[in-house]
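Engineer: Got my_file-v7.pdb for you, PDB, C-alpha atoms and all ligand atoms:
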```pdb
MODEL        1
ATOM      1  CA  MET J   1    -145.186  -9.764 209.902
ATOM      2  CA  SER J   2    -147.668  -7.571 208.124
ATOM      3  CA  LEU J   3    -148.571  -4.133 209.326
ATOM      4  CA  LEU J   4    -151.955  -2.554 208.916
ATOM      5  CA  PRO J   5    -152.800   1.095 208.321
ATOM      6  CA  GLU J   6    -153.929   3.072 211.312
ATOM      7  CA  THR J   7    -154.999   6.604 212.146
ATOM      8  CA  VAL J   8    -153.134   8.367 214.930
ATOM      9  CA  THR J   9    -154.710  11.445 216.470
ATOM     10  CA  ILE J  10    -152.418  14.309 217.447
ATOM     11  CA  ASP J  11    -153.540  17.300 219.480
ATOM     12  CA  ALA J  12    -151.632  20.336 218.212
ATOM     13  CA  MET J  13    -152.223  22.253 221.448
ATOM     14  CA  THR J  14    -150.960  19.636 223.906
ATOM     15  CA  GLY J  15    -148.939  17.172 221.810
ATOM     16  CA  ALA J  16    -151.171  14.347 223.031
ATOM     17  CA  LEU J  17    -150.924  11.409 220.622
ATOM     18  CA  SER J  18    -153.207   8.383 220.537
ATOM     19  CA  PRO J  19    -152.705   5.472 220.237
ATOM     20  CA  ALA J  20    -149.145   5.818 221.577
ATOM     21  CA  THR J  21    -146.493   3.134 222.035
ATOM     22  CA  GLY J  22    -144.092   5.030 224.293
ATOM     23  CA  HIS J  23    -143.656   8.136 226.369
ATOM     24  CA  TYR J  24    -141.018   9.886 228.455
ATOM     25  CA  ALA J  25    -140.563  13.186 230.254
ATOM     26  CA  LYS J  26    -137.451  15.224 231.012
ATOM     27  CA  HIS J  27    -137.403  17.429 234.064
ATOM     28  CA  LEU J  28    -134.665  19.960 234.761
ATOM     29  CA  ALA J  29    -132.797  17.528 237.055
ATOM     30  CA  ASP J  30    -132.453  15.143 234.090
ATOM     31  CA  LEU J  31    -130.620  17.822 232.099
ATOM     32  CA  GLU J  32    -127.488  18.384 234.169
ATOM     33  CA  GLY J  33    -124.657  20.050 232.266
ATOM     34  CA  LEU J  34    -126.852  21.248 229.407
ATOM     35  CA  PHE J  35    -127.125  24.872 230.440
ATOM     36  CA  GLN J  36    -124.332  27.408 230.739
ATOM     37  CA  ASP J  37    -125.410  28.680 234.156
ATOM     38  CA  ALA J  38    -124.849  25.691 236.480
ATOM     39  CA  THR J  39    -125.839  27.707 239.572
ATOM     40  CA  ALA J  40    -129.164  28.789 238.088
ATOM     41  CA  TRP J  41    -129.766  25.167 237.039
ATOM     42  CA  ALA J  42    -129.017  23.820 240.556
ATOM     43  CA  ASN J  43    -131.254  26.459 242.179
ATOM     44  CA  ALA J  44    -134.162  25.664 239.859
ATOM     45  CA  VAL J  45    -133.760  21.937 240.592
ATOM     46  CA  ALA J  46    -133.408  22.307 244.374
ATOM     47  CA  HIS J  47    -135.652  25.286 245.100
ATOM     48  CA  GLY J  48    -137.709  25.803 241.950
ATOM     49  CA  GLY J  49    -139.605  22.521 241.996
ATOM     50  CA  ASN J  50    -137.513  20.733 239.352
ATOM     51  CA  PRO J  51    -139.888  21.787 236.535
ATOM     52  CA  LEU J  52    -140.888  19.713 233.543
ATOM     53  CA  VAL J  53    -138.915  20.793 230.456
ATOM     54  CA  TYR J  54    -140.209  18.472 227.729
ATOM     55  CA  GLU J  55    -142.168  15.326 226.980
ATOM     56  CA  VAL J  56    -141.937  12.922 224.061
ATOM     57  CA  ILE J  57    -144.749  10.608 222.936
ATOM     58  CA  GLU J  58    -144.067   8.113 220.169
ATOM     59  CA  TYR J  59    -145.836   5.808 217.755
ATOM     60  CA  ARG J  60    -143.555   2.951 216.720
ATOM     61  CA  LYS J  61    -144.388  -0.303 214.952
ATOM     62  CA  ASP J  62    -141.828  -3.099 214.714
ATOM     63  CA  GLY J  63    -141.012  -3.813 211.108
ATOM     64  CA  SER J  64    -141.724  -0.321 209.788
ATOM     65  CA  ASP J  65    -139.129   1.992 208.232
ATOM     66  CA  LEU J  66    -140.875   5.028 209.754
ATOM     67  CA  PHE J  67    -141.790   6.131 213.208
ATOM     68  CA  PHE J  68    -143.108   9.377 214.508
ATOM     69  CA  GLY J  69    -144.201  11.222 217.582
ATOM     70  CA  THR J  70    -144.571  14.531 219.312
ATOM     71  CA  THR J  71    -142.289  16.609 221.470
ATOM     72  CA  THR J  72    -143.901  19.186 223.739
ATOM     73  CA  MET J  73    -141.550  21.714 225.291
ATOM     74  CA  GLN J  74    -142.490  23.989 228.159
ATOM     75  CA  PRO J  75    -141.505  27.660 228.058
ATOM     76  CA  GLY J  76    -138.764  28.714 230.452
ATOM     77  CA  ARG J  77    -135.135  29.613 230.927
ATOM     78  CA  VAL J  78    -132.142  28.660 233.009
ATOM     79  CA  GLY J  79    -130.434  31.985 233.609
ATOM     80  CA  THR J  80    -130.773  33.688 230.231
ATOM     81  CA  GLU J  81    -130.729  30.449 228.261
ATOM     82  CA  PHE J  82    -134.016  29.105 226.900
ATOM     83  CA  TYR J  83    -135.247  25.592 227.654
ATOM     84  CA  MET J  84    -133.921  23.128 225.106
ATOM     85  CA  THR J  85    -133.746  19.435 224.329
ATOM     86  CA  ARG J  86    -130.564  17.391 224.901
ATOM     87  CA  GLY J  87    -129.839  17.380 221.178
ATOM     88  CA  HIS J  88    -128.207  14.541 219.265
ATOM     89  CA  PHE J  89    -126.701  13.229 216.080
ATOM     90  CA  HIS J  90    -128.360  10.172 214.609
ATOM     91  CA  SER J  91    -126.094   7.170 215.047
ATOM     92  CA  ASN J  92    -126.741   6.326 211.417
ATOM     93  CA  PRO J  93    -125.189   9.190 209.415
ATOM     94  CA  ALA J  94    -127.407   8.420 206.413
ATOM     95  CA  MET J  95    -130.682   9.122 208.227
ATOM     96  CA  GLY J  96    -132.280  12.534 208.624
ATOM     97  CA  GLU J  97    -135.553  13.667 210.133
ATOM     98  CA  VAL J  98    -138.513  16.023 209.730
ATOM     99  CA  TYR J  99    -139.781  18.371 212.468
ATOM    100  CA  TYR J 100    -143.230  19.825 211.794
ATOM    101  CA  THR J 101    -144.130  22.531 214.311
ATOM    102  CA  ARG J 102    -147.783  22.764 215.362
ATOM    103  CA  ARG J 103    -147.714  25.345 218.157
ATOM    104  CA  GLY J 104    -145.419  27.923 219.733
ATOM    105  CA  GLU J 105    -142.203  29.682 218.810
ATOM    106  CA  GLY J 106    -138.772  28.199 218.808
ATOM    107  CA  LEU J 107    -135.499  27.564 217.106
ATOM    108  CA  LEU J 108    -133.947  24.439 215.760
ATOM    109  CA  LEU J 109    -130.171  24.538 216.185
ATOM    110  CA  LEU J 110    -128.209  22.296 213.820
ATOM    111  CA  GLU J 111    -124.563  21.389 213.465
ATOM    112  CA  ASN J 112    -122.714  18.917 211.290
ATOM    113  CA  ARG J 113    -119.687  16.782 212.181
ATOM    114  CA  GLY J 114    -117.435  19.369 210.572
ATOM    115  CA  GLY J 115    -118.590  21.987 213.099
ATOM    116  CA  GLU J 116    -120.718  23.963 210.638
ATOM    117  CA  SER J 117    -123.770  25.550 212.324
ATOM    118  CA  ARG J 118    -127.235  26.475 211.104
ATOM    119  CA  HIS J 119    -130.533  27.397 212.705
ATOM    120  CA  VAL J 120    -134.069  27.429 211.402
ATOM    121  CA  PRO J 121    -137.232  28.887 212.943
ATOM    122  CA  MET J 122    -139.889  26.697 214.535
ATOM    123  CA  ARG J 123    -143.410  28.096 214.442
ATOM    124  CA  ALA J 124    -146.875  26.698 213.742
ATOM    125  CA  GLY J 125    -146.839  25.414 210.178
ATOM    126  CA  SER J 126    -143.081  25.336 209.627
ATOM    127  CA  CYS J 127    -141.614  22.014 208.634
ATOM    128  CA  ALA J 128    -137.878  21.670 209.191
ATOM    129  CA  PHE J 129    -135.800  19.356 207.056
ATOM    130  CA  ILE J 130    -132.939  17.882 209.081
ATOM    131  CA  PRO J 131    -130.471  16.401 206.599
ATOM    132  CA  PRO J 132    -128.556  13.234 207.423
ATOM    133  CA  GLY J 133    -125.415  14.011 209.406
ATOM    134  CA  TRP J 134    -126.707  17.099 211.231
ATOM    135  CA  ALA J 135    -127.093  17.194 215.012
ATOM    136  CA  HIS J 136    -130.334  18.863 216.078
ATOM    137  CA  ARG J 137    -131.549  20.535 219.252
ATOM    138  CA  SER J 138    -134.859  22.349 219.638
ATOM    139  CA  VAL J 139    -135.292  25.430 221.802
ATOM    140  CA  ASN J 140    -138.520  26.965 223.081
ATOM    141  CA  THR J 141    -138.030  30.727 222.752
ATOM    142  CA  GLY J 142    -141.701  31.637 223.304
ATOM    143  CA  ASP J 143    -143.976  31.955 226.297
ATOM    144  CA  GLU J 144    -146.264  29.013 225.528
ATOM    145  CA  PRO J 145    -145.575  25.320 224.884
ATOM    146  CA  LEU J 146    -143.696  24.469 221.701
ATOM    147  CA  VAL J 147    -145.313  21.414 220.082
ATOM    148  CA  PHE J 148    -143.826  19.614 217.093
ATOM    149  CA  VAL J 149    -144.289  16.336 215.258
ATOM    150  CA  TRP J 150    -141.155  14.453 214.209
ATOM    151  CA  VAL J 151    -140.763  11.624 211.717
ATOM    152  CA  CYS J 152    -137.721   9.472 211.076
ATOM    153  CA  ASN J 153    -136.446   5.944 210.566
ATOM    154  CA  PRO J 154    -136.407   3.909 213.806
ATOM    155  CA  ALA J 155    -132.943   2.650 212.810
ATOM    156  CA  ALA J 156    -131.586   6.236 212.935
ATOM    157  CA  GLY J 157    -130.528   5.875 216.584
ATOM    158  CA  HIS J 158    -129.470   8.645 218.956
ATOM    159  CA  ASP J 159    -125.884   9.688 219.593
ATOM    160  CA  TYR J 160    -126.047  12.014 222.603
ATOM    161  CA  ALA J 161    -122.431  11.604 223.674
ATOM    162  CA  ALA J 162    -120.956  13.746 220.922
ATOM    163  CA  ILE J 163    -122.573  16.936 222.223
ATOM    164  CA  LEU J 164    -122.944  16.106 225.914
ATOM    165  CA  ASP J 165    -119.560  17.530 226.832
ATOM    166  CA  LYS J 166    -119.641  21.048 225.394
ATOM    167  CA  GLY J 167    -123.013  21.284 223.673
ATOM    168  CA  LEU J 168    -123.461  22.796 220.244
ATOM    169  CA  ARG J 169    -121.457  25.740 218.947
ATOM    170  CA  GLN J 170    -124.466  28.057 219.216
ATOM    171  CA  ILE J 171    -126.623  28.861 222.241
ATOM    172  CA  ALA J 172    -130.018  30.592 222.333
ATOM    173  CA  VAL J 173    -130.471  33.227 225.026
ATOM    174  CA  GLU J 174    -132.721  36.095 225.953
ATOM    175  CA  GLN J 175    -130.893  39.382 225.573
ATOM    176  CA  ASP J 176    -132.547  42.773 226.098
ATOM    177  CA  GLY J 177    -135.977  41.196 225.682
ATOM    178  CA  ALA J 178    -135.109  39.549 222.359
ATOM    179  CA  VAL J 179    -133.902  36.126 221.263
ATOM    180  CA  ALA J 180    -130.192  36.041 220.512
ATOM    181  CA  ILE J 181    -128.085  33.233 219.095
ATOM    182  CA  LEU J 182    -124.583  33.504 220.501
ATOM    183  CA  PRO J 183    -121.369  31.517 220.186
ATOM    184  CA  ASN J 184    -121.127  28.893 222.918
ATOM    185  CA  PRO J 185    -118.447  30.116 225.373
ATOM    186  CA  ARG J 186    -117.424  26.496 226.045
ATOM    187  CA  PHE J 187    -116.023  26.463 222.517
ATOM    188  CA  THR J 188    -114.559  29.962 222.343
ATOM    189  CA  GLN J 189    -112.773  29.492 225.675
ATOM    190  CA  GLY J 190    -111.205  26.303 224.354
TER     191      GLY J 190
HETATM  192  C1  LIG C   1    -136.806  13.743 218.519
HETATM  193  C2  LIG C   1    -136.081  14.039 219.851
HETATM  194  C3  LIG C   1    -136.966  14.703 220.904
HETATM  195  C4  LIG C   1    -136.212  14.938 222.220
HETATM  196  O1  LIG C   1    -137.768  12.751 218.706
HETATM  197  O2  LIG C   1    -135.560  12.815 220.327
HETATM  198  O3  LIG C   1    -137.400  15.946 220.437
HETATM  199  O4  LIG C   1    -134.944  15.485 221.994
HETATM  200  P1  LIG C   1    -133.626  14.755 222.528
HETATM  201  O5  LIG C   1    -133.734  13.330 222.062
HETATM  202  O6  LIG C   1    -132.504  15.485 221.873
HETATM  203  O7  LIG C   1    -133.644  14.865 224.005
HETATM  204  C5  LIG C   1    -135.729  13.294 217.531
HETATM  205  O8  LIG C   1    -134.981  14.097 217.036
HETATM  206  N1  LIG C   1    -135.600  11.984 217.306
HETATM  207  O9  LIG C   1    -134.666  11.513 216.483
HETATM  208 ZN    ZN C   2    -133.390  13.129 215.886
ENDMDL
END
```
Give the structure from the file, written as structure tokens.
Ligand code: PAN
Ligand code: ZN

Structural biologist:
Amino acid sequence: MSLLPETVTIDAMTGALSPATGHYAKHLADLEGLFQDATAWANAVAHGGNPLVYEVIEYRKDGSDLFFGTTTMQPGRVGTEFYMTRGHFHSNPAMGEVYYTRRGEGLLLLENRGGESRHVPMRAGSCAFIPPGWAHRSVNTGDEPLVFVWVCNPAAGHDYAAILDKGLRQIAVEQDGAVAILPNPRFTQG
């Protein structure tokens, strides 16, 4: 099969991408167990309207070694913890990714299989290099949508299971009006 070049239009303000080949949305109810404060999470789901947390729109062509898309994250918190994505390792440990932020303020939390942690800022114009073998989770720490474009190999695959249980070793919270990155109590409490 031969593929032909094509222009894809991306709106940096909204993350809208056209033409798109796929789309999904995650509301708070879809993110059970992600946040430290389970009571605040349950209240926001039951009584807070189960808000939208993030949307992903993708452009994927069978037979290509690249695919890309946008993630648009709403601002918000569960308790003191900022809205975040599920986070994952790539199933293929040889495949990394690029996250190019177009709007907003956030953090990209990273962790390798050895438990080593890193974080890099996400802000309009910053392009994060995610090396192969590093789990990645994005966090919206601002008060407007966080919009980024991601590019990777469609064979990278997503391994969510590895961090579903306890999360990553770092969490991003609001503390005294500032953004703080703290050790995840689920790890320190054993
Ligand atoms: C991104 C992420 C997207 C949503 O496309 O899949 O931001 O995050 P979660 O998949 O962790 O919910 C990516 O990293 N793809 O590989
Ligand atoms: Zn990824």

Engineer: Going by the chain IDs and residue numbers used in this file, which residues fall under the PyMOL selection byres (((chain J and resi 121) around 12) and not hetatm)? Write them as a PyMOL selection string.

Structural biologist: chain J and resi 99-101+104-110+118-120+122-129+137-142+146+172+179+181

Engineer: Quick check, in Å to one decimal: how far apart do atom CA of J:Asp11 and atom CA of J:Phe68 lie?

Structural biologist: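 So the answer is 14.0 Å.
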
Engineer: For J:Thr80, list every protein, DNA or RNA residue within 12 Å, evaluated using all atoms listed in the file, and leave out those in the same chain fewer than 5 positions away; present the list as a PyMOL selection string.

Structural biologist: chain J and resi 35-38+40-41+141+171-182

Engineer: Those residues you just picked out, can you put them in a file as a short mmCIF file (atom, residue, chain, number, x, y, z; two decimals), keeping the file's coordinate frame with C-alpha atoms?

Structural biologist:
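That gives us result.cif:
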```cif
data_model
loop_
_atom_site.label_atom_id
_atom_site.label_comp_id
_atom_site.auth_asym_id
_atom_site.auth_seq_id
_atom_site.Cartn_x
_atom_site.Cartn_y
_atom_site.Cartn_z
CA PHE J 35 -127.12 24.87 230.44
CA GLN J 36 -124.33 27.41 230.74
CA ASP J 37 -125.41 28.68 234.16
CA ALA J 38 -124.85 25.69 236.48
CA ALA J 40 -129.16 28.79 238.09
CA TRP J 41 -129.77 25.17 237.04
CA THR J 141 -138.03 30.73 222.75
CA ILE J 171 -126.62 28.86 222.24
CA ALA J 172 -130.02 30.59 222.33
CA VAL J 173 -130.47 33.23 225.03
CA GLU J 174 -132.72 36.10 225.95
CA GLN J 175 -130.89 39.38 225.57
CA ASP J 176 -132.55 42.77 226.10
CA GLY J 177 -135.98 41.20 225.68
CA ALA J 178 -135.11 39.55 222.36
CA VAL J 179 -133.90 36.13 221.26
CA ALA J 180 -130.19 36.04 220.51
CA ILE J 181 -128.08 33.23 219.10
CA LEU J 182 -124.58 33.50 220.50
#
```

Engineer: Counting only C-alpha atoms and all ligand atoms, which protein, DNA or RNA residues come within 8 Å of ligand ZN 2 (chain C), given as number ranges by chain?

Structural biologist: J: 87-90, 96-97, 135-136, 152, 156-158

Engineer: Once you have the residues from the selection above, write them out as a PDB file, in the coordinates of the input, restricted to C-alpha atoms.

Structural biologist:
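Below you can see part_10.pdb, which holds the result:
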```pdb
ATOM      1  CA  GLY J  87    -129.839  17.380 221.178  1.00  0.00           C
ATOM      2  CA  HIS J  88    -128.207  14.541 219.265  1.00  0.00           C
ATOM      3  CA  PHE J  89    -126.701  13.229 216.080  1.00  0.00           C
ATOM      4  CA  HIS J  90    -128.360  10.172 214.609  1.00  0.00           C
ATOM      5  CA  GLY J  96    -132.280  12.534 208.624  1.00  0.00           C
ATOM      6  CA  GLU J  97    -135.553  13.667 210.133  1.00  0.00           C
ATOM      7  CA  ALA J 135    -127.093  17.194 215.012  1.00  0.00           C
ATOM      8  CA  HIS J 136    -130.334  18.863 216.078  1.00  0.00           C
ATOM      9  CA  CYS J 152    -137.721   9.472 211.076  1.00  0.00           C
ATOM     10  CA  ALA J 156    -131.586   6.236 212.935  1.00  0.00           C
ATOM     11  CA  GLY J 157    -130.528   5.875 216.584  1.00  0.00           C
ATOM     12  CA  HIS J 158    -129.470   8.645 218.956  1.00  0.00           C
TER      13      HIS J 158
END
```

Engineer: Applied to the shown file, which residues does the PyMOL selection byres (((chain J and resi 73) around 6) and not hetatm) return, written as a VMD selection string?

Structural biologist: chain J and resid 53 to 54 72 74 145 to 146
